[in-house]
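Colleague: Contents of target-v6.tsv (TSV, C-alpha atoms and all ligand atoms) are below:
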chain	number	residue	atom	x	y	z
J	1	MET	CA	0.00	0.00	0.00
J	2	VAL	CA	2.76	2.41	1.06
J	3	LYS	CA	4.54	2.03	-2.29
J	4	PHE	CA	1.48	3.54	-4.04
J	5	VAL	CA	1.78	6.80	-2.10
J	6	PRO	CA	4.58	8.28	-4.27
J	7	LEU	CA	2.63	7.22	-7.36
J	8	ALA	CA	-0.54	8.91	-6.08
J	9	ALA	CA	1.48	12.05	-5.27
J	10	LEU	CA	2.88	12.02	-8.79
J	11	VAL	CA	-0.60	11.71	-10.33
J	12	CYS	CA	-1.86	14.58	-8.14
J	13	ALA	CA	1.09	16.78	-9.08
J	14	TRP	CA	0.56	16.01	-12.75
J	15	SER	CA	-3.16	16.86	-12.62
J	16	VAL	CA	-2.43	20.14	-10.80
J	17	THR	CA	0.05	21.20	-13.48
J	18	THR	CA	-2.43	20.33	-16.23
J	19	VAL	CA	-5.11	22.46	-14.56
J	20	SER	CA	-2.83	25.44	-14.06
J	21	ALA	CA	-1.55	25.13	-17.63
J	22	LYS	CA	-5.11	25.21	-19.04
J	23	GLU	CA	-5.07	27.46	-22.05
J	24	MET	CA	-7.65	29.66	-23.73
J	25	GLN	CA	-9.90	27.30	-25.65
J	26	ASP	CA	-11.47	28.29	-28.94
J	27	HIS	CA	-14.92	26.68	-29.05
J	28	ASN	CA	-15.19	26.59	-32.83
J	29	GLN	CA	-16.27	22.96	-33.33
J	30	MET	CA	-19.68	23.10	-31.74
J	31	MET	CA	-22.54	20.84	-32.69
J	32	ASN	CA	-25.51	22.56	-34.33
J	33	HIS	CA	-28.71	21.49	-32.54
J	34	GLY	CA	-30.96	23.59	-34.80
J	35	ASP	CA	-32.89	26.80	-34.04
J	36	GLY	CA	-29.64	28.68	-33.56
J	37	HIS	CA	-28.52	26.45	-30.68
J	38	LEU	CA	-24.87	25.37	-30.86
J	39	MET	CA	-23.06	23.52	-28.12
J	40	ASP	CA	-20.03	21.43	-27.30
J	41	MET	CA	-19.19	19.19	-24.37
J	42	ASP	CA	-16.49	21.58	-23.13
J	43	GLY	CA	-18.80	24.31	-21.88
J	44	GLY	CA	-19.15	26.37	-25.05
J	45	MET	CA	-22.67	27.36	-26.09
J	46	VAL	CA	-24.54	29.70	-28.43
J	47	MET	CA	-28.33	30.12	-28.24
J	48	GLY	CA	-30.52	32.22	-30.49
J	49	GLN	CA	-28.01	32.41	-33.31
J	50	ASN	CA	-29.49	34.01	-36.42
J	51	THR	CA	-27.26	34.63	-39.39
J	52	ASP	CA	-29.81	35.06	-42.18
J	53	THR	CA	-33.43	35.78	-41.12
J	54	LEU	CA	-34.29	39.47	-41.25
J	55	PRO	CA	-36.38	40.66	-38.29
J	56	GLY	CA	-39.76	42.14	-39.24
J	57	GLY	CA	-39.37	45.79	-40.19
J	58	CYS	CA	-35.85	45.35	-41.60
J	59	ASP	CA	-35.67	45.68	-45.40
J	60	LYS	CA	-32.05	44.62	-45.49
J	61	ILE	CA	-29.02	44.13	-43.29
J	62	ALA	CA	-27.99	47.71	-42.53
J	63	ALA	CA	-24.42	46.94	-41.47
J	64	THR	CA	-22.19	44.02	-40.57
J	65	LYS	CA	-20.25	44.38	-37.33
J	66	ASP	CA	-17.88	42.24	-35.28
J	67	ILE	CA	-17.10	42.92	-31.65
J	68	THR	CA	-14.88	41.14	-29.14
J	69	VAL	CA	-16.06	41.23	-25.55
J	70	HIS	CA	-14.06	39.95	-22.59
J	71	ALA	CA	-15.57	38.75	-19.33
J	72	GLY	CA	-13.63	38.37	-16.13
J	73	HIS	CA	-12.92	39.27	-12.55
J	74	LYS	CA	-10.06	41.60	-13.50
J	75	TYR	CA	-12.39	43.97	-15.42
J	76	SER	CA	-14.34	44.64	-12.21
J	77	GLU	CA	-11.34	46.16	-10.41
J	78	LYS	CA	-12.19	49.71	-11.48
J	79	PHE	CA	-15.78	49.39	-10.16
J	80	PRO	CA	-15.75	49.31	-6.33
J	81	GLY	CA	-18.00	46.70	-4.80
J	82	THR	CA	-18.20	44.51	-7.89
J	83	MET	CA	-16.64	41.10	-8.47
J	84	PHE	CA	-17.19	40.48	-12.18
J	85	ALA	CA	-17.49	42.65	-15.28
J	86	PHE	CA	-17.32	42.74	-19.03
J	87	ASP	CA	-14.51	44.85	-20.47
J	88	GLN	CA	-17.18	47.12	-22.05
J	89	GLN	CA	-20.45	48.21	-20.48
J	90	GLU	CA	-22.15	49.89	-23.43
J	91	PHE	CA	-22.70	48.97	-27.04
J	92	GLN	CA	-24.57	50.81	-29.76
J	93	PHE	CA	-25.49	49.71	-33.27
J	94	GLU	CA	-27.65	50.77	-36.17
J	95	PRO	CA	-31.02	48.99	-36.35
J	96	CYS	CA	-30.94	45.83	-38.52
J	97	THR	CA	-27.19	45.34	-38.00
J	98	LYS	CA	-25.83	41.83	-38.40
J	99	LEU	CA	-23.70	41.53	-35.30
J	100	THR	CA	-21.12	38.87	-34.52
J	101	VAL	CA	-19.98	38.76	-30.92
J	102	HIS	CA	-16.70	37.07	-30.07
J	103	PHE	CA	-17.03	36.38	-26.37
J	104	ILE	CA	-13.86	35.63	-24.41
J	105	ASN	CA	-14.00	34.36	-20.85
J	106	ASP	CA	-10.76	35.15	-19.02
J	107	ASP	CA	-11.77	33.46	-15.75
J	108	GLU	CA	-11.60	29.85	-14.60
J	109	ILE	CA	-15.37	29.85	-14.07
J	110	ARG	CA	-18.50	30.03	-16.22
J	111	HIS	CA	-19.60	33.33	-17.78
J	112	GLN	CA	-22.27	34.38	-20.24
J	113	TRP	CA	-23.07	37.24	-22.58
J	114	MET	CA	-26.84	37.10	-22.54
J	115	MET	CA	-28.98	39.63	-24.37
J	116	HIS	CA	-32.68	40.00	-23.47
J	117	GLY	CA	-35.81	41.59	-24.97
J	118	LEU	CA	-35.39	40.41	-28.56
J	119	PRO	CA	-38.52	39.54	-30.59
J	120	LYS	CA	-39.67	36.07	-29.52
J	121	TYR	CA	-40.90	34.99	-32.97
J	122	LEU	CA	-37.26	35.05	-34.07
J	123	TYR	CA	-35.22	34.48	-30.90
J	124	PRO	CA	-36.35	31.69	-28.54
J	125	LYS	CA	-37.34	33.27	-25.18
J	126	GLY	CA	-36.31	36.63	-26.66
J	127	MET	CA	-32.68	35.79	-25.97
J	128	PHE	CA	-29.32	35.71	-27.66
J	129	HIS	CA	-26.87	33.89	-25.47
J	130	LEU	CA	-23.16	33.08	-25.52
J	131	GLU	CA	-21.58	30.98	-22.81
J	132	VAL	CA	-18.10	29.73	-22.00
J	133	SER	CA	-16.99	27.66	-19.02
J	134	GLY	CA	-13.41	28.42	-18.07
J	135	PRO	CA	-10.95	30.37	-20.19
J	136	GLY	CA	-12.13	30.23	-23.76
J	137	LYS	CA	-13.76	31.92	-26.70
J	138	VAL	CA	-17.11	31.43	-28.38
J	139	SER	CA	-18.60	33.38	-31.29
J	140	GLY	CA	-22.21	33.90	-32.27
J	141	THR	CA	-24.20	36.03	-34.70
J	142	LEU	CA	-27.58	37.71	-34.58
J	143	ILE	CA	-29.45	40.34	-36.58
J	144	LEU	CA	-30.59	43.25	-34.45
J	145	PRO	CA	-34.25	44.32	-34.71
J	146	PRO	CA	-35.35	47.72	-36.05
J	147	GLY	CA	-36.35	50.64	-33.83
J	148	ASP	CA	-34.72	52.49	-30.94
J	149	LYS	CA	-34.43	50.15	-27.99
J	150	THR	CA	-32.05	49.44	-25.11
J	151	TYR	CA	-31.34	45.77	-24.48
J	152	LEU	CA	-30.06	44.28	-21.25
J	153	VAL	CA	-26.85	42.28	-21.58
J	154	HIS	CA	-25.72	40.32	-18.54
J	155	CYS	CA	-24.28	37.13	-17.14
J	156	ASP	CA	-27.08	35.03	-15.68
J	157	ILE	CA	-24.93	32.91	-13.36
J	158	ALA	CA	-26.18	33.52	-9.81
J	159	GLN	CA	-25.00	36.91	-8.49
J	160	HIS	CA	-22.74	37.69	-11.46
J	161	MET	CA	-25.00	40.49	-12.74
J	162	GLU	CA	-25.61	41.83	-9.22
J	163	LYS	CA	-21.85	41.79	-8.74
J	164	GLY	CA	-21.16	43.83	-11.87
J	165	MET	CA	-21.47	41.71	-14.99
J	166	LYS	CA	-24.12	43.91	-16.59
J	167	ALA	CA	-24.13	46.03	-19.73
J	168	GLN	CA	-26.56	47.66	-22.14
J	169	LEU	CA	-26.80	47.43	-25.90
J	170	LYS	CA	-28.57	50.28	-27.64
J	171	VAL	CA	-30.08	49.78	-31.04
J	172	GLY	CA	-30.50	53.11	-32.80
J	173	LYS	CA	-30.80	55.79	-30.12
J	174	GLY	CA	-31.83	53.24	-27.52
J	175	SER	CA	-35.00	53.64	-25.43
J	176	GLU	CA	-33.46	54.49	-22.04
J	177	ASP	CA	-30.48	53.80	-19.80
J	178	LEU	CA	-30.67	50.75	-17.56
J	179	PRO	CA	-29.81	51.09	-13.85
J	180	SER	CA	-26.71	49.69	-12.15
J	181	ILE	CA	-24.53	49.50	-15.26
J	182	PRO	CA	-21.02	49.79	-13.76
J	183	GLY	CA	-19.45	53.12	-14.70
J	184	VAL	CA	-22.51	54.17	-16.74
J	185	THR	CA	-25.58	54.55	-14.50
J	186	ALA	CA	-26.22	54.83	-10.77
J	187	SER	CA	-26.62	51.69	-8.76
J	188	ILE	CA	-30.08	50.67	-7.57
J	189	PHE	CA	-28.53	49.61	-4.26
J	190	PRO	CA	-25.75	52.15	-3.83
J	191	ASP	CA	-23.00	51.51	-1.34
J	192	ASP	CA	-20.13	53.64	-0.15
J	193	TYR	CA	-16.60	52.27	-0.24
J	194	SER	CA	-14.83	55.38	1.01
J	195	GLY	CA	-14.75	54.14	4.61
J	196	ARG	CA	-16.55	57.21	6.01
J	197	PRO	CA	-18.53	56.58	9.21
J	198	TYR	CA	-22.27	55.89	9.16
J	199	ASP	CA	-24.37	59.04	8.97
J	200	PRO	CA	-28.04	58.56	9.98
J	201	LYS	CA	-29.13	61.41	7.69
J	202	LEU	CA	-27.18	60.43	4.59
J	203	ASP	CA	-27.54	56.69	5.06
J	204	ALA	CA	-31.19	56.50	6.12
J	205	PRO	CA	-33.07	53.80	4.25
J	206	VAL	CA	-34.89	55.21	1.22
J	207	ALA	CA	-38.67	54.93	1.63
J	208	SER	CA	-40.37	53.10	-1.19
J	209	PRO	CA	-42.47	55.41	-3.43
J	210	PRO	CA	-46.11	55.77	-2.31
J	211	VAL	CA	-48.74	53.86	-4.24
J	212	ALA	CA	-50.74	56.23	-6.49
J	213	ALA	CA	-53.97	54.23	-6.19
J	214	PRO	CA	-56.20	56.76	-4.32
J	215	VAL	CA	-55.48	59.51	-6.89
J	216	VAL	CA	-56.23	57.15	-9.78
J	217	ALA	CA	-59.47	55.97	-8.18
J	218	ALA	CA	-60.75	59.53	-7.69
J	219	ALA	CA	-60.07	60.65	-11.26
J	220	PRO	CA	-63.03	59.03	-13.13
J	221	ALA	CA	-65.67	60.47	-10.72
J	222	PRO	CA	-66.75	63.49	-12.88
J	223	VAL	CA	-67.47	61.14	-15.82
J	224	ALA	CA	-69.80	59.13	-13.59
J	225	ALA	CA	-71.91	62.06	-12.39
J	226	ALA	CA	-73.50	62.70	-15.78
J	227	ASP	CA	-74.79	59.18	-16.35
J	228	ASP	CA	-77.38	56.77	-15.02
J	229	ALA	CA	-76.50	56.03	-11.38
J	230	ILE	CA	-76.20	52.20	-11.44
J	231	VAL	CA	-74.29	51.92	-14.73
J	232	SER	CA	-71.94	54.78	-13.90
J	233	GLY	CA	-71.24	53.36	-10.43
J	234	VAL	CA	-70.18	50.06	-11.96
J	235	THR	CA	-68.22	51.92	-14.64
J	236	VAL	CA	-66.33	53.90	-12.02
J	237	ILE	CA	-65.44	50.78	-10.05
J	238	GLY	CA	-64.38	49.02	-13.27
J	239	LEU	CA	-62.31	51.99	-14.41
J	240	ALA	CA	-60.69	52.35	-11.00
J	241	ILE	CA	-59.79	48.65	-10.83
J	242	GLY	CA	-58.56	48.80	-14.41
J	243	LEU	CA	-56.41	51.87	-13.78
J	244	ILE	CA	-54.99	50.46	-10.57
J	245	ALA	CA	-54.29	47.09	-12.18
J	246	ALA	CA	-52.92	48.55	-15.45
J	247	PRO	CA	-49.28	49.04	-14.32
J	248	TRP	CA	-49.24	45.57	-12.77
J	249	LEU	CA	-50.77	44.01	-15.90
J	250	ALA	CA	-48.32	45.90	-18.10
J	251	ARG	CA	-45.44	44.47	-16.05
J	252	ARG	CA	-47.00	41.00	-16.00
J	253	PHE	CA	-47.54	40.94	-19.78
J	254	LYS	CA	-44.32	42.73	-20.75
J	255	GLY	CA	-42.66	41.06	-23.69
J	256	MET	CA	-45.46	38.47	-24.16
J	257	SER	CA	-47.10	37.82	-27.49
J	258	ALA	CA	-50.90	38.27	-27.93
J	259	GLY	CA	-51.31	34.46	-27.87
J	260	GLU	CA	-49.41	34.17	-24.59
J	261	ILE	CA	-51.48	36.97	-23.02
J	262	ILE	CA	-54.78	35.33	-24.05
J	263	ALA	CA	-53.55	31.95	-22.72
J	264	THR	CA	-52.57	33.54	-19.40
J	265	VAL	CA	-55.91	35.36	-19.02
J	266	LEU	CA	-57.85	32.15	-19.88
J	267	ALA	CA	-55.83	30.27	-17.23
J	268	TRP	CA	-56.78	32.94	-14.68
J	269	LEU	CA	-60.47	32.68	-15.64
J	270	VAL	CA	-60.35	28.89	-15.18
J	271	ASP	CA	-58.73	29.38	-11.76
J	272	LEU	CA	-61.40	31.95	-10.83
J	273	PHE	CA	-64.19	29.63	-12.00
J	274	ASN	CA	-62.76	26.72	-9.96
J	275	TRP	CA	-62.46	28.96	-6.94
J	276	VAL	CA	-66.09	30.12	-7.23
J	277	VAL	CA	-67.29	26.52	-7.71
J	278	GLY	CA	-65.27	25.50	-4.62
J	279	LEU	CA	-66.84	28.32	-2.64
J	280	ILE	CA	-70.38	27.34	-3.68
J	281	LYS	CA	-69.68	23.70	-2.81
J	282	GLN	CA	-68.38	24.68	0.61
J	283	PHE	CA	-71.41	26.88	1.22
J	284	THR	CA	-73.97	24.25	0.18
J	285	ARG	CA	-72.19	21.55	2.24
J	286	LYS	CA	-72.37	23.75	5.35
J	287	LYS	CA	-76.06	24.37	4.80
J	288	ALA	CA	-76.76	20.64	4.38
J	289	LEU	CA	-75.30	19.88	7.79
J	290	PRO	CA	-77.96	19.27	10.51
J	301	CU	CU	-20.55	35.25	-15.12
How does the structure come out when it is put into structure tokens?
Ligand SMILES: [Cu+2]

Modeller:
Amino acid sequence: MVKFVPLAALVCAWSVTTVSAKEMQDHNQMMNHGDGHLMDMDGGMVMGQNTDTLPGGCDKIAATKDITVHAGHKYSEKFPGTMFAFDQQEFQFEPCTKLTVHFINDDEIRHQWMMHGLPKYLYPKGMFHLEVSGPGKVSGTLILPPGDKTYLVHCDIAQHMEKGMKAQLKVGKGSEDLPSIPGVTASIFPDDYSGRPYDPKLDAPVASPPVAAPVVAAAPAPVAAADDAIVSGVTVIGLAIGLIAAPWLARRFKGMSAGEIIATVLAWLVDLFNWVVGLIKQFTRKKALP
């Protein structure tokens, strides 16, 4: 048994040197799984690749661009409080640009360059996604939609975006700036790394914005006064509920297609129906008891 110890030590030493000598891997032999999904067994992946289908509203490919983006811990050093970052935080392209992204992971862990908000009829789940595990490079192509819009680009590995791996890609003029883009926009959860002592005035927790519901509910009242009392009363309640629910519904249905919205609403109606039936059953059962 003892004579195997040096051998085991040798094997361990050899495996350690192989790990430390791991070089940048070019994931250029991926298997095409269809629908723009390419993958290899070494942690390289492309999802939502689109090299030739024009998005609706694009007459032609407006421009062809190539960018190289690095991801790694070292790029976060200039942003206090972060752990990970891309080497660029902002991108901007003409609408209908055919864009190839060469994504290089400089870390020994998994990173992604994931773009959200793309049209779902063309990009599954509205996403274009590059991924590399460990030091390596992967390349993917997409055709940007028309219109001015800002797209979120991030790494979706747990806490990587929260810890700095977040960027924005503007098509045309973009629609807005996203929050917490390191070096670009203010953080949603700001922190202070200067080491100054706690100040109850400066550092008091920010109160969440008040809900605007009472104002919204009062607004339709003048409309109601002119009409028949019963109908207008119902109308006011309906309008008020609608206005209060509108922002929530807008958030809930954001990015969904008409079909998906109808399916969701139908599912809610079925749930409501079942709930009402359950209620009636409960009521009648109670009444039947002696
Ligand atoms: Cu990451």

Colleague: List the spatial neighbours of Lys60 (chain J) as a VMD selection string - criterion: any atom at most 10 Å away, all atoms listed in the file, same-chain residues fewer than 6 positions off excluded.

Modeller: chain J and resid 53 to 54 96 to 98

Colleague: Hey, can you check how far CA of Pro146 (chain J) sits from CA of Glu94 (chain J)?

Modeller: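 The value is 8.3 Å.
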
Colleague: Between chain J and ligand CU 301 (chain J), at 10 Å or less, what are the per-residue closest atom pairs and their distances in Å? Count only C-alpha atoms and all ligand atoms, order by chain and rising residue number, and return it as a tab-separated table.

Modeller:
residue	atom	partner	partner_atom	distance
J:Ala71	CA	J:CU301	CU	7.4
J:Gly72	CA	J:CU301	CU	7.7
J:His73	CA	J:CU301	CU	9.0
J:Met83	CA	J:CU301	CU	9.7
J:Phe84	CA	J:CU301	CU	6.9
J:Ala85	CA	J:CU301	CU	8.0
J:Phe86	CA	J:CU301	CU	9.0
J:Asn105	CA	J:CU301	CU	8.7
J:Asp107	CA	J:CU301	CU	9.0
J:Ile109	CA	J:CU301	CU	7.6
J:Arg110	CA	J:CU301	CU	5.7
J:His111	CA	J:CU301	CU	3.4
J:Gln112	CA	J:CU301	CU	5.5
J:Trp113	CA	J:CU301	CU	8.1
J:Met114	CA	J:CU301	CU	9.9
J:Glu131	CA	J:CU301	CU	8.9
J:Val132	CA	J:CU301	CU	9.2
J:Ser133	CA	J:CU301	CU	9.2
J:His154	CA	J:CU301	CU	8.0
J:Cys155	CA	J:CU301	CU	4.6
J:Asp156	CA	J:CU301	CU	6.6
J:Ile157	CA	J:CU301	CU	5.3
J:Ala158	CA	J:CU301	CU	7.9
J:Gln159	CA	J:CU301	CU	8.2
J:His160	CA	J:CU301	CU	4.9
J:Met161	CA	J:CU301	CU	7.3
J:Lys163	CA	J:CU301	CU	9.2
J:Gly164	CA	J:CU301	CU	9.2
J:Met165	CA	J:CU301	CU	6.5
J:Lys166	CA	J:CU301	CU	9.5

Colleague: Which one is closest to Val46 (chain J): J:Trp275, J:Tyr151, J:Asn32, J:Pro247? Count all atoms listed in the file.

Modeller: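 Smallest distance to Val46 (chain J) is found for J:Asn32.
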
Colleague: If you measure from CA of Leu202 (chain J) to CA of Leu178 (chain J), what distance in Å do you get, rounded to one decimal?

Modeller: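 Taking CA of Leu202 (chain J) and CA of Leu178 (chain J), their separation equals 24.4 Å.
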
Colleague: Between CA of Ala186 (chain J) and CA of Tyr75 (chain J), what is the distance in Å, rounded to a tenth?

Modeller: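 Rounded to one decimal, the two atoms are 18.2 Å apart.
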